[in-house]
Structure formats: C-alpha cells, structure tokens
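Below: entry.json (JSON, C-alpha atoms)
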[["chain", "number", "residue", "atom", "x", "y", "z"],
["K", 94, "MET", "CA", -14.88, -49.14, -143.20],
["K", 95, "THR", "CA", -16.62, -46.58, -145.38],
["K", 96, "SER", "CA", -19.73, -47.37, -147.35],
["K", 97, "SER", "CA", -19.64, -46.47, -151.06],
["K", 98, "GLY", "CA", -21.72, -43.29, -150.54],
["K", 99, "ASP", "CA", -19.46, -42.10, -147.71],
["K", 100, "ASP", "CA", -16.12, -42.78, -149.39],
["K", 101, "PRO", "CA", -13.78, -39.85, -148.69],
["K", 102, "ILE", "CA", -12.61, -39.94, -152.32],
["K", 103, "ASP", "CA", -16.24, -39.58, -153.43],
["K", 104, "ILE", "CA", -16.72, -36.64, -151.06],
["K", 105, "VAL", "CA", -13.69, -34.79, -152.43],
["K", 106, "ALA", "CA", -14.64, -35.59, -156.04],
["K", 107, "ASP", "CA", -18.18, -34.33, -155.41],
["K", 108, "VAL", "CA", -16.81, -31.15, -153.79],
["K", 109, "ARG", "CA", -14.51, -30.52, -156.75],
["K", 110, "ASP", "CA", -17.39, -31.06, -159.17],
["K", 111, "ARG", "CA", -19.69, -28.68, -157.29],
["K", 112, "MET", "CA", -16.95, -26.04, -156.96],
["K", 113, "HIS", "CA", -16.22, -26.33, -160.69],
["K", 114, "LYS", "CA", -19.93, -25.79, -161.41],
["K", 115, "ALA", "CA", -19.90, -22.66, -159.21],
["K", 116, "VAL", "CA", -16.99, -21.25, -161.24],
["K", 117, "VAL", "CA", -18.69, -22.13, -164.55],
["K", 118, "HIS", "CA", -21.88, -20.45, -163.35],
["K", 119, "ALA", "CA", -19.99, -17.30, -162.34],
["K", 120, "GLU", "CA", -18.25, -17.23, -165.73],
["K", 121, "SER", "CA", -21.61, -17.48, -167.51],
["K", 122, "GLU", "CA", -22.84, -14.62, -165.32],
["K", 123, "PHE", "CA", -19.77, -12.61, -166.35],
["K", 124, "ALA", "CA", -20.51, -13.31, -170.01],
["K", 125, "SER", "CA", -23.99, -11.85, -169.65],
["K", 126, "VAL", "CA", -22.56, -8.50, -168.52],
["K", 127, "ARG", "CA", -22.36, -6.19, -171.50],
["K", 128, "THR", "CA", -19.06, -4.84, -172.69],
["K", 129, "GLY", "CA", -18.57, -2.48, -175.60],
["K", 130, "ARG", "CA", -18.41, -5.52, -177.87],
["K", 131, "ALA", "CA", -21.26, -7.53, -179.31],
["K", 132, "SER", "CA", -21.62, -11.08, -177.98],
["K", 133, "SER", "CA", -24.38, -13.66, -178.25],
["K", 134, "ALA", "CA", -23.88, -14.47, -174.54],
["K", 135, "LEU", "CA", -25.64, -11.19, -173.76],
["K", 136, "VAL", "CA", -28.93, -12.33, -175.27],
["K", 137, "GLU", "CA", -28.89, -16.14, -175.40],
["K", 138, "ARG", "CA", -30.81, -16.60, -172.15],
["K", 139, "ILE", "CA", -33.37, -13.81, -172.64],
["K", 140, "PRO", "CA", -36.82, -15.41, -172.26],
["K", 141, "VAL", "CA", -38.99, -15.04, -175.38],
["K", 142, "GLU", "CA", -42.74, -15.64, -175.55],
["K", 143, "TYR", "CA", -43.13, -18.27, -178.29],
["K", 144, "TYR", "CA", -46.46, -20.01, -178.96],
["K", 145, "GLY", "CA", -47.70, -19.48, -175.42],
["K", 146, "SER", "CA", -44.57, -20.43, -173.47],
["K", 147, "GLU", "CA", -41.32, -18.74, -172.59],
["K", 148, "VAL", "CA", -38.16, -20.19, -174.12],
["K", 149, "PRO", "CA", -34.56, -18.92, -174.12],
["K", 150, "LEU", "CA", -33.67, -16.92, -177.23],
["K", 151, "GLN", "CA", -30.84, -19.33, -178.08],
["K", 152, "THR", "CA", -33.43, -22.02, -178.94],
["K", 153, "LEU", "CA", -35.13, -19.73, -181.48],
["K", 154, "ALA", "CA", -32.26, -18.20, -183.44],
["K", 155, "ASN", "CA", -28.70, -18.20, -184.70],
["K", 156, "PHE", "CA", -26.31, -15.41, -183.76],
["K", 157, "SER", "CA", -23.47, -13.78, -185.66],
["K", 158, "VAL", "CA", -21.14, -10.85, -185.01],
["K", 159, "PRO", "CA", -20.29, -9.28, -188.40],
["K", 160, "GLU", "CA", -18.63, -6.26, -186.72],
["K", 161, "ALA", "CA", -17.24, -5.70, -183.20],
["K", 162, "ARG", "CA", -20.29, -3.71, -182.06],
["K", 163, "VAL", "CA", -23.04, -5.44, -184.08],
["K", 164, "LEU", "CA", -24.91, -8.63, -183.17],
["K", 165, "VAL", "CA", -27.19, -10.18, -185.78],
["K", 166, "ILE", "CA", -30.00, -12.47, -184.65],
["K", 167, "SER", "CA", -31.44, -14.77, -187.34],
["K", 168, "PRO", "CA", -34.61, -16.54, -186.13],
["K", 169, "PHE", "CA", -35.27, -20.08, -187.36],
["K", 170, "ASP", "CA", -38.96, -19.14, -187.58],
["K", 171, "LYS", "CA", -39.58, -15.65, -189.03],
["K", 172, "THR", "CA", -42.91, -15.44, -187.18],
["K", 173, "ALA", "CA", -40.89, -15.21, -183.95],
["K", 174, "LEU", "CA", -39.24, -11.92, -185.01],
["K", 175, "ARG", "CA", -41.74, -9.68, -183.21],
["K", 176, "SER", "CA", -41.59, -11.74, -180.00],
["K", 177, "ILE", "CA", -37.77, -11.69, -180.04],
["K", 178, "GLU", "CA", -37.77, -7.94, -180.64],
["K", 179, "ARG", "CA", -40.18, -7.37, -177.72],
["K", 180, "ALA", "CA", -38.13, -9.59, -175.39],
["K", 181, "ILE", "CA", -34.89, -7.74, -176.20],
["K", 182, "SER", "CA", -36.59, -4.36, -175.73],
["K", 183, "ALA", "CA", -37.97, -5.50, -172.35],
["K", 184, "SER", "CA", -34.58, -6.85, -171.18],
["K", 185, "ASP", "CA", -32.09, -4.80, -169.18],
["K", 186, "LEU", "CA", -29.66, -4.54, -172.11],
["K", 187, "GLY", "CA", -30.69, -0.98, -172.88],
["K", 188, "ILE", "CA", -30.40, -1.55, -176.64],
["K", 189, "ASN", "CA", -33.09, -1.00, -179.25],
["K", 190, "PRO", "CA", -33.34, -3.88, -181.73],
["K", 191, "ASN", "CA", -33.52, -3.08, -185.46],
["K", 192, "ASN", "CA", -35.89, -5.48, -187.22],
["K", 193, "ASP", "CA", -35.68, -5.59, -191.04],
["K", 194, "GLY", "CA", -38.30, -8.31, -191.48],
["K", 195, "SER", "CA", -35.91, -11.26, -191.60],
["K", 196, "ILE", "CA", -33.20, -10.55, -189.01],
["K", 197, "ILE", "CA", -32.68, -8.37, -185.94],
["K", 198, "ARG", "CA", -29.60, -6.20, -185.59],
["K", 199, "LEU", "CA", -28.33, -4.96, -182.24],
["K", 200, "ASN", "CA", -25.89, -2.06, -182.41],
["K", 201, "PHE", "CA", -23.86, -1.77, -179.21],
["K", 202, "PRO", "CA", -22.78, 1.80, -178.46],
["K", 203, "PRO", "CA", -19.42, 2.31, -176.78],
["K", 204, "LEU", "CA", -19.68, 2.34, -173.00],
["K", 205, "THR", "CA", -19.03, 5.49, -171.01],
["K", 206, "GLU", "CA", -16.30, 5.45, -168.37],
["K", 207, "GLU", "CA", -18.93, 5.74, -165.64],
["K", 208, "ARG", "CA", -20.93, 2.81, -167.03],
["K", 209, "ARG", "CA", -17.76, 0.68, -167.30],
["K", 210, "LYS", "CA", -17.05, 1.26, -163.60],
["K", 211, "GLU", "CA", -20.64, 0.33, -162.70],
["K", 212, "LEU", "CA", -20.32, -2.89, -164.70],
["K", 213, "VAL", "CA", -17.03, -3.73, -162.96],
["K", 214, "LYS", "CA", -18.91, -3.47, -159.65],
["K", 215, "VAL", "CA", -21.61, -5.80, -160.99],
["K", 216, "VAL", "CA", -19.01, -8.35, -162.09],
["K", 217, "ARG", "CA", -17.19, -8.14, -158.75],
["K", 218, "GLN", "CA", -20.47, -8.83, -156.94],
["K", 219, "ARG", "CA", -21.09, -11.87, -159.15],
["K", 220, "ALA", "CA", -17.55, -13.05, -158.39],
["K", 221, "GLU", "CA", -18.24, -12.65, -154.67],
["K", 222, "ASP", "CA", -21.43, -14.71, -155.12],
["K", 223, "GLY", "CA", -19.24, -17.38, -156.73],
["K", 224, "ARG", "CA", -16.76, -17.30, -153.83],
["K", 225, "VAL", "CA", -19.64, -17.64, -151.37],
["K", 226, "ALA", "CA", -20.96, -20.63, -153.33],
["K", 227, "ILE", "CA", -17.51, -22.29, -153.30],
["K", 228, "ARG", "CA", -17.14, -21.74, -149.55],
["K", 229, "GLY", "CA", -20.67, -23.07, -149.03],
["K", 230, "VAL", "CA", -19.70, -26.29, -150.81],
["K", 231, "ARG", "CA", -16.66, -26.62, -148.52],
["K", 232, "ARG", "CA", -18.80, -25.97, -145.43],
["K", 233, "SER", "CA", -21.38, -28.61, -146.37],
["K", 234, "ALA", "CA", -18.59, -31.13, -147.04],
["K", 235, "ARG", "CA", -17.10, -30.44, -143.60],
["K", 236, "GLN", "CA", -20.51, -31.00, -142.02],
["K", 237, "GLU", "CA", -20.72, -34.31, -143.87],
["K", 238, "LEU", "CA", -17.26, -35.25, -142.55],
["K", 239, "GLU", "CA", -18.31, -34.39, -138.98],
["K", 240, "ARG", "CA", -21.32, -36.67, -139.41],
["K", 241, "LEU", "CA", -19.05, -39.48, -140.62],
["K", 242, "VAL", "CA", -16.76, -39.06, -137.59],
["K", 243, "LYS", "CA", -19.76, -39.25, -135.23],
["K", 244, "ASP", "CA", -20.95, -42.39, -137.04],
["K", 245, "GLY", "CA", -17.51, -43.90, -136.59],
["K", 246, "THR", "CA", -17.06, -44.19, -140.36],
["K", 247, "LEU", "CA", -13.98, -41.94, -140.46],
["K", 248, "THR", "CA", -11.16, -41.26, -138.03],
["K", 249, "THR", "CA", -10.08, -37.75, -137.11],
["K", 250, "ASP", "CA", -6.76, -38.35, -138.94],
["K", 251, "GLU", "CA", -8.67, -39.17, -142.14],
["K", 252, "VAL", "CA", -10.82, -36.08, -141.69],
["K", 253, "GLU", "CA", -7.75, -33.85, -141.26],
["K", 254, "ARG", "CA", -6.30, -35.22, -144.51],
["K", 255, "ILE", "CA", -9.59, -34.71, -146.35],
["K", 256, "GLU", "CA", -9.98, -31.19, -144.95],
["K", 257, "LYS", "CA", -6.55, -30.34, -146.37],
["K", 258, "ASP", "CA", -7.81, -31.58, -149.76],
["K", 259, "LEU", "CA", -10.96, -29.47, -149.33],
["K", 260, "ASP", "CA", -8.91, -26.37, -148.49],
["K", 261, "LYS", "CA", -6.65, -27.01, -151.49],
["K", 262, "ALA", "CA", -9.67, -27.40, -153.80],
["K", 263, "THR", "CA", -11.27, -24.26, -152.36],
["K", 264, "ALA", "CA", -8.12, -22.21, -152.96],
["K", 265, "GLU", "CA", -7.79, -23.65, -156.48],
["K", 266, "TYR", "CA", -11.35, -22.80, -157.53],
["K", 267, "VAL", "CA", -11.33, -19.35, -155.88],
["K", 268, "SER", "CA", -8.11, -18.66, -157.78],
["K", 269, "GLU", "CA", -9.75, -19.83, -161.04],
["K", 270, "LEU", "CA", -12.66, -17.49, -160.33],
["K", 271, "GLU", "CA", -10.26, -14.61, -159.65],
["K", 272, "ARG", "CA", -8.53, -15.21, -163.00],
["K", 273, "ALA", "CA", -11.89, -15.10, -164.81],
["K", 274, "LEU", "CA", -12.81, -11.92, -162.93],
["K", 275, "GLY", "CA", -9.53, -10.29, -163.93],
["K", 276, "VAL", "CA", -10.13, -11.11, -167.60],
["K", 277, "LYS", "CA", -13.67, -9.70, -167.48],
["K", 278, "GLU", "CA", -12.58, -6.53, -165.65],
["K", 279, "LYS", "CA", -9.86, -5.94, -168.23],
["K", 280, "GLU", "CA", -12.41, -6.48, -171.02],
["K", 281, "LEU", "CA", -14.83, -4.01, -169.41],
["K", 282, "LEU", "CA", -12.22, -1.32, -168.85],
["K", 283, "GLU", "CA", -10.74, -1.67, -172.32],
["K", 284, "ILE", "CA", -11.64, 1.28, -174.54]]

Would you encode the structure as structure tokens?
Amino acid sequence: MTSSGDDPIDIVADVRDRMHKAVVHAESEFASVRTGRASSALVERIPVEYYGSEVPLQTLANFSVPEARVLVISPFDKTALRSIERAISASDLGINPNNDGSIIRLNFPPLTEERRKELVKVVRQRAEDGRVAIRGVRRSARQELERLVKDGTLTTDEVERIEKDLDKATAEYVSELERALGVKEKELLEI
C-alpha cells in the first residue's frame, strides 16, 4: 500500500508539473532574446536600482509598443526615469534609451543576418537547457521509484507502468519545447 506522499499518481502529476515549469521557463528565456521587433519581455526583468534596492523594471513602469520597432516605457514614478535609463544602458540589449523627461523610448534597429544567426544559436542553447531540465525531472522521478521498490511500496510491474507514463510525459514536454523553439527561430530569421 502506498502512503499519500508516495502515491504513483502524485509522482506522475508532480513530474508533469515540474516538466511544464521547465517549458514555461524556457519560453520566458526565449522571449528575452531580442528580435527585430519591440517587446516588453526584453526589458521586464532588467534589475533597476530604486530607493536602495534592485527591483525588476516591470514593477516600476508600464510598457507599450506604438510601432513594430519602438518600445515605450512609462514609469509610475518619474523620479525613477534616470535609474531605468541607466539599467537599460547597462543591460546586454545594446540599445540606447531616449529619455524625454516623462517616458523612455527604445528604438530597435533591424537585426543583421549575422546577428540573427547568433541569436538562433542562443535560443537553441536555451532550448537544450530546457531539454536537460526535463530529462533531469524524469531521472529524479525514476530514482524516487527505485527507492519505493526497495521500500516495498511499489511492485516492479507498477514501476514499469509509471515509467511508461514518465517517458510519455517527457516526450510530450520536449515536443512542446521544440514547437516553441521553432516559433522563436522563425521569428528571429524573419526579415
């Protein structure tokens, strides 16, 4: 008999949840890779010095995209303008912010072919990191199953069935990650 913490259904549900989080994390990493288009996802997590502590930019401002290559940042507190401007300049975006005293404009130049290919490599590496995370979740679940067999909590037949579920979940989430990668690559290579 399985205890509530060692229920095979709980193990598979936990694995699916953790794999889903790995895909979501990879997708957020993809969003932070700059394309030729303006997007708030590029700057939302930039740390900004605000009254002695660092906070993500998204907590200090609203974002809008009036044109495809222009991002407008409207701080809630106008005294934060300088700090936001410094944080963007110090980031790896490679874009100079234009501060008009009430908002900051970021003009995104079109990407060169060479830069697009470099960014595709970056995105592929982040996808590989996501695949590794998904496989790591599967590996730790299998170790947990081995422990349950040794404890006599599960039979080898039950473990085989659960491992099939784990393999199915792994394939499903890797496939989801591959779809997201394909979308991002297409977006990066689009002129």

Please produce, as a tab-separated table, a per-residue contact table for segment 122-146 of chain K versus segment 213-230 of chain K (criterion: any atom at most 8 Å away, all atoms listed in the file considered), showing the nearest atom pair and its distance in Å to one decimal, sorted by chain then residue number.
residue	atom	partner	partner_atom	distance
K:Glu122	CA	K:Arg219	CA	7.0
K:Phe123	CA	K:Val216	CA	6.1
K:Val126	CA	K:Val216	CA	7.3

**OP:** Give me, please, the distance in Å between atom CA of Ile139 of chain K and atom CA of Gln151 of chain K, quoted to one decimal.
**Re:** 8.2 Å

Give me the residues of segment 184-266 of chain K that have any atom at most 10 Å from an atom of segment 160-180 of chain K; for each, the nearest atom pair and the distance in Å, rounded to one decimal. Use only C-alpha atoms, sort by chain and number, and format it as CSV.
residue,atom,partner,partner_atom,distance
K:Ser184,CA,K:Ala180,CA,6.2
K:Asp185,CA,K:Ala180,CA,9.9
K:Asn189,CA,K:Glu178,CA,8.5
K:Pro190,CA,K:Glu178,CA,6.1
K:Asn191,CA,K:Glu178,CA,8.1
K:Asn192,CA,K:Glu178,CA,7.3
K:Asp193,CA,K:Leu174,CA,9.4
K:Gly194,CA,K:Leu174,CA,7.5
K:Ser195,CA,K:Lys171,CA,6.3
K:Ile196,CA,K:Ser167,CA,4.9
K:Ile197,CA,K:Ile166,CA,5.1
K:Arg198,CA,K:Val165,CA,4.7
K:Leu199,CA,K:Leu164,CA,5.1
K:Asn200,CA,K:Val163,CA,4.7
K:Phe201,CA,K:Arg162,CA,5.0
K:Pro202,CA,K:Arg162,CA,7.0
K:Pro203,CA,K:Arg162,CA,8.1

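Between atom CA of Leu281 of chain K and atom CA of Val116 of chain K there is a distance of 19.2 Å.
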
Original post:
Any idea what's packed within 12 Å of Leu247 of chain K, counting all atoms listed in the file, ignoring anything in its chain fewer than 2 positions away? Could you give it as a PyMOL selection string?
Top reply: chain K and resi 94-96+99-101+237-245+249-255

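Among K:Glu278, K:Asp260, K:Asp103, K:Glu120, the residue with the shortest atom-to-atom distance to Glu211 of chain K, counting all atoms listed in the file, is K:Glu278.
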
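Relative to atom CA of Ala119 of chain K, atom CA of Leu270 of chain K is found at 7.6 Å.
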
Original post:
Could you tell me, as an MDAnalysis selection string, which residues have any atom at most 9 Å from (-36.5, -18.8, -175.7), counting only C-alpha atoms?
Top reply: chainID K and resid 137:143 146:154 177

Could you put an axis-aligned box around every listed atom of segment 154-160 of chain K, padded by 8 Å on each side, and send me its centre and edge lengths in Å to one decimal, as AutoDock Vina command-line options?
--center_x -25.4 --center_y -12.2 --center_z -185.9 --size_x 29.6 --size_y 27.9 --size_z 21.0

Since the input is missing atoms for segment 257-273 of chain K, could you rebuild it with N, CA and C atoms and give the result as a PDB file, in the coordinates of the input?
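Result file follows (rebuild_30.pdb):
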ATOM      1  N   LYS K 257      -7.638 -30.976-145.627  1.00  0.00           N
ATOM      2  CA  LYS K 257      -6.550 -30.340-146.370  1.00  0.00           C
ATOM      3  C   LYS K 257      -6.861 -30.363-147.866  1.00  0.00           C
ATOM      4  N   ASP K 258      -7.407 -31.484-148.352  1.00  0.00           N
ATOM      5  CA  ASP K 258      -7.810 -31.580-149.760  1.00  0.00           C
ATOM      6  C   ASP K 258      -8.922 -30.574-150.077  1.00  0.00           C
ATOM      7  N   LEU K 259      -9.861 -30.418-149.140  1.00  0.00           N
ATOM      8  CA  LEU K 259     -10.960 -29.470-149.330  1.00  0.00           C
ATOM      9  C   LEU K 259     -10.431 -28.033-149.409  1.00  0.00           C
ATOM     10  N   ASP K 260      -9.491 -27.711-148.500  1.00  0.00           N
ATOM     11  CA  ASP K 260      -8.910 -26.370-148.490  1.00  0.00           C
ATOM     12  C   ASP K 260      -8.132 -26.103-149.781  1.00  0.00           C
ATOM     13  N   LYS K 261      -7.414 -27.132-150.243  1.00  0.00           N
ATOM     14  CA  LYS K 261      -6.650 -27.010-151.490  1.00  0.00           C
ATOM     15  C   LYS K 261      -7.608 -26.777-152.666  1.00  0.00           C
ATOM     16  N   ALA K 262      -8.690 -27.546-152.721  1.00  0.00           N
ATOM     17  CA  ALA K 262      -9.670 -27.400-153.800  1.00  0.00           C
ATOM     18  C   ALA K 262     -10.331 -26.012-153.735  1.00  0.00           C
ATOM     19  N   THR K 263     -10.646 -25.574-152.530  1.00  0.00           N
ATOM     20  CA  THR K 263     -11.270 -24.260-152.360  1.00  0.00           C
ATOM     21  C   THR K 263     -10.350 -23.168-152.900  1.00  0.00           C
ATOM     22  N   ALA K 264      -9.084 -23.213-152.505  1.00  0.00           N
ATOM     23  CA  ALA K 264      -8.120 -22.210-152.960  1.00  0.00           C
ATOM     24  C   ALA K 264      -7.968 -22.267-154.486  1.00  0.00           C
ATOM     25  N   GLU K 265      -7.943 -23.466-155.036  1.00  0.00           N
ATOM     26  CA  GLU K 265      -7.790 -23.650-156.480  1.00  0.00           C
ATOM     27  C   GLU K 265      -8.958 -23.033-157.249  1.00  0.00           C
ATOM     28  N   TYR K 266     -10.179 -23.301-156.801  1.00  0.00           N
ATOM     29  CA  TYR K 266     -11.350 -22.800-157.530  1.00  0.00           C
ATOM     30  C   TYR K 266     -11.583 -21.314-157.295  1.00  0.00           C
ATOM     31  N   VAL K 267     -11.241 -20.800-156.115  1.00  0.00           N
ATOM     32  CA  VAL K 267     -11.330 -19.350-155.880  1.00  0.00           C
ATOM     33  C   VAL K 267     -10.320 -18.645-156.783  1.00  0.00           C
ATOM     34  N   SER K 268      -9.144 -19.227-156.919  1.00  0.00           N
ATOM     35  CA  SER K 268      -8.110 -18.660-157.780  1.00  0.00           C
ATOM     36  C   SER K 268      -8.576 -18.655-159.243  1.00  0.00           C
ATOM     37  N   GLU K 269      -9.212 -19.737-159.676  1.00  0.00           N
ATOM     38  CA  GLU K 269      -9.750 -19.830-161.040  1.00  0.00           C
ATOM     39  C   GLU K 269     -10.802 -18.735-161.261  1.00  0.00           C
ATOM     40  N   LEU K 270     -11.636 -18.531-160.272  1.00  0.00           N
ATOM     41  CA  LEU K 270     -12.660 -17.490-160.330  1.00  0.00           C
ATOM     42  C   LEU K 270     -12.021 -16.103-160.410  1.00  0.00           C
ATOM     43  N   GLU K 271     -10.969 -15.892-159.632  1.00  0.00           N
ATOM     44  CA  GLU K 271     -10.260 -14.610-159.650  1.00  0.00           C
ATOM     45  C   GLU K 271      -9.641 -14.329-161.019  1.00  0.00           C
ATOM     46  N   ARG K 272      -9.097 -15.375-161.654  1.00  0.00           N
ATOM     47  CA  ARG K 272      -8.530 -15.210-163.000  1.00  0.00           C
ATOM     48  C   ARG K 272      -9.617 -14.780-163.985  1.00  0.00           C
ATOM     49  N   ALA K 273     -10.779 -15.450-163.921  1.00  0.00           N
ATOM     50  CA  ALA K 273     -11.890 -15.100-164.810  1.00  0.00           C
ATOM     51  C   ALA K 273     -12.378 -13.677-164.554  1.00  0.00           C
TER      52      ALA K 273
END
